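S.K.: Shown below is the structure under consideration.
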Amino acid sequence: FAYVGIGFARVWRTTRAMGKLKHLTLFLAAFLMYNNGIQTIIAQVALYAKGHIEGVDTPHILATLLAIQFVASVGAIAFGRIAARIGAKRAVMLALVGWIAVVSYVLMLDTATEFFVVGCAAGLVLGGAQALSRSLYSVMIPEGVSAGFFGFFSVFNKASAIFGPLAYGLIRWFVPDARWAIFSVIVFFAVGLALLAAVDVDKARADAAAFEA
């Protein structure tokens with residue numbers, strides 16, 4: 001019980017600290033939005049493709065998913081180099097623009113070949129967005145209390161697997177046309193991109209440096 005009490009006390013302190021670190025909190029809100037879009041695509045795109053794209057069957061889906069895993073590692077490396085040139089925030093924003101383009105094209109897919117190509121494109125921006133988000137977050141948190149703040153990040157990461165798929169499922173329940181559900185994913189990316197654009201990384205670093213635990 002003592003350890004449980006310590007855990008809750010640290011969570012409460014970290015929650016209160018977020019109120020003093022506004023740009024870090026804004027980043028987490030942005031991450032929650034666009035990562036919901038990413039998790040929704042990961043969870044639903046195979047079902048969408050199998051039901052709405054002619055010629056897509058289980059072997060096509062498995063091949064595409066394997067390709068995505070490989071390309072995602074390449075994307076993480078490529079976007080790491082891009083971030084070194086233009087900064088992590090801009091690189092993540094570039095990846096989100098790529099996600100919006102990928103999901104928009106999903107609405108127009110007709111063949112299994114196109115599905116494979118779009119899957120590879122998704123893998124490229126997937127690796128970039130996820131790897132750089134954690135890296136960007138790490139430079140905005142105070143020193144000495146990183147465990148608590150990364151715990152918060154993990155909670156937001158897990159929550160990202162809830163709201164996007166829930167919105168997708170509700171739209172599919174009430175609207176026969178699956179394209180509207182796919183469009184909802186674009187909204188998550190667009191809102192996340194807008195919130196991320198408002199994050200001042202330099203101000204977040206200054207706030208973190210001035211933070212007293």
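Simple scheme: letters A, B, ... for chains in structure tokens order, numbers from 1 for residues in each chain, numbers from 1 for ligands in the order shown.
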Write out as CSV a residue-level contact list of region 48-162 of chain A versus region 198-208 of chain A with cut-off 8 Å: for each qualifying residue the closest pair of atoms and the distance in Å to one decimal, counting only C-alpha atoms, rows sorted by chain and residue number upward.

M.R.:
residue,atom,partner,partner_atom,distance
A:Lys89,CA,A:Val201,CA,7.8
A:Val139,CA,A:Arg205,CA,6.7
A:Met140,CA,A:Arg205,CA,5.0
A:Ile141,CA,A:Ala208,CA,5.5
A:Pro142,CA,A:Ala208,CA,4.4
A:Glu143,CA,A:Ala208,CA,7.6

S.K.: Would you give me, as a tab-separated table, each residue of region 85-144 of chain A having an atom within 10 Å of an atom of region 159-182 of chain A, along with its shortest atom pair and that distance in Å to one decimal, using only C-alpha atoms and sorting by chain and residue number?

M.R.:
residue	atom	partner	partner_atom	distance
A:Val103	CA	A:Ile182	CA	7.3
A:Ser104	CA	A:Ile182	CA	8.3
A:Val106	CA	A:Ile182	CA	8.1
A:Leu107	CA	A:Arg179	CA	6.2
A:Met108	CA	A:Arg179	CA	9.3

S.K.: For Leu126 (chain A), work out the shell of residues within 10 Å, counting only C-alpha atoms and skipping chain neighbours fewer than 2 positions away, then give it as JSON, numbers by chain.

M.R.: {"A": [35, 38, 42, 68, 69, 71, 72, 73, 75, 76, 95, 96, 98, 99, 120, 121, 122, 123, 124, 128, 129, 130, 131]}

S.K.: Compare A:Leu132, A:Leu193, A:Ala67, A:Val102 by their minimum atom-to-atom distance to Val118 (chain A), counting only C-alpha atoms, and give me the closest one.

M.R.: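 Using only C-alpha atoms, the shortest distance to Val118 (chain A) belongs to A:Val102.
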
S.K.: Just give me the gap between CA of Val191 (chain A) and CA of Phe116 (chain A) in Å, one decimal is fine.

M.R.: 27.1 Å

S.K.: Which residue out of A:Val74, A:Ala49, A:Ile100, A:Ala91 has the minimum interatomic distance to Gly127 (chain A) when only C-alpha atoms are used?

M.R.: A:Val74

S.K.: Name the closest residue to Leu94 (chain A) among the candidates A:Leu109, A:Ala30, A:Leu196, A:Ala210; distances are taken between atoms, counting only C-alpha atoms.

M.R.: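 Smallest distance to Leu94 (chain A) is found for A:Leu196.
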
S.K.: Which residues in region 21-213 of chain A does DSSP call alpha helix (DSSP H)? List them as number ranges by chain.

M.R.: A: 22-52, 58-86, 88-106, 112-138, 146-159, 163-174, 178-197, 201-210

S.K.: Restricting the calculation to only C-alpha atoms, which member of A:Leu62, A:Val155, A:Val92, A:Ala46 is positioned closest to Leu32 (chain A)?

M.R.: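 Once distances to Leu32 (chain A) are computed over only C-alpha atoms, the minimum belongs to A:Val155.
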
S.K.: Hey, which of A:Leu28, A:Val187, A:Val56, A:Ala197 ends up closest to Asp110 (chain A)? Count only C-alpha atoms.

M.R.: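 The shortest atom-to-atom distance to Asp110 (chain A) comes from A:Val56.
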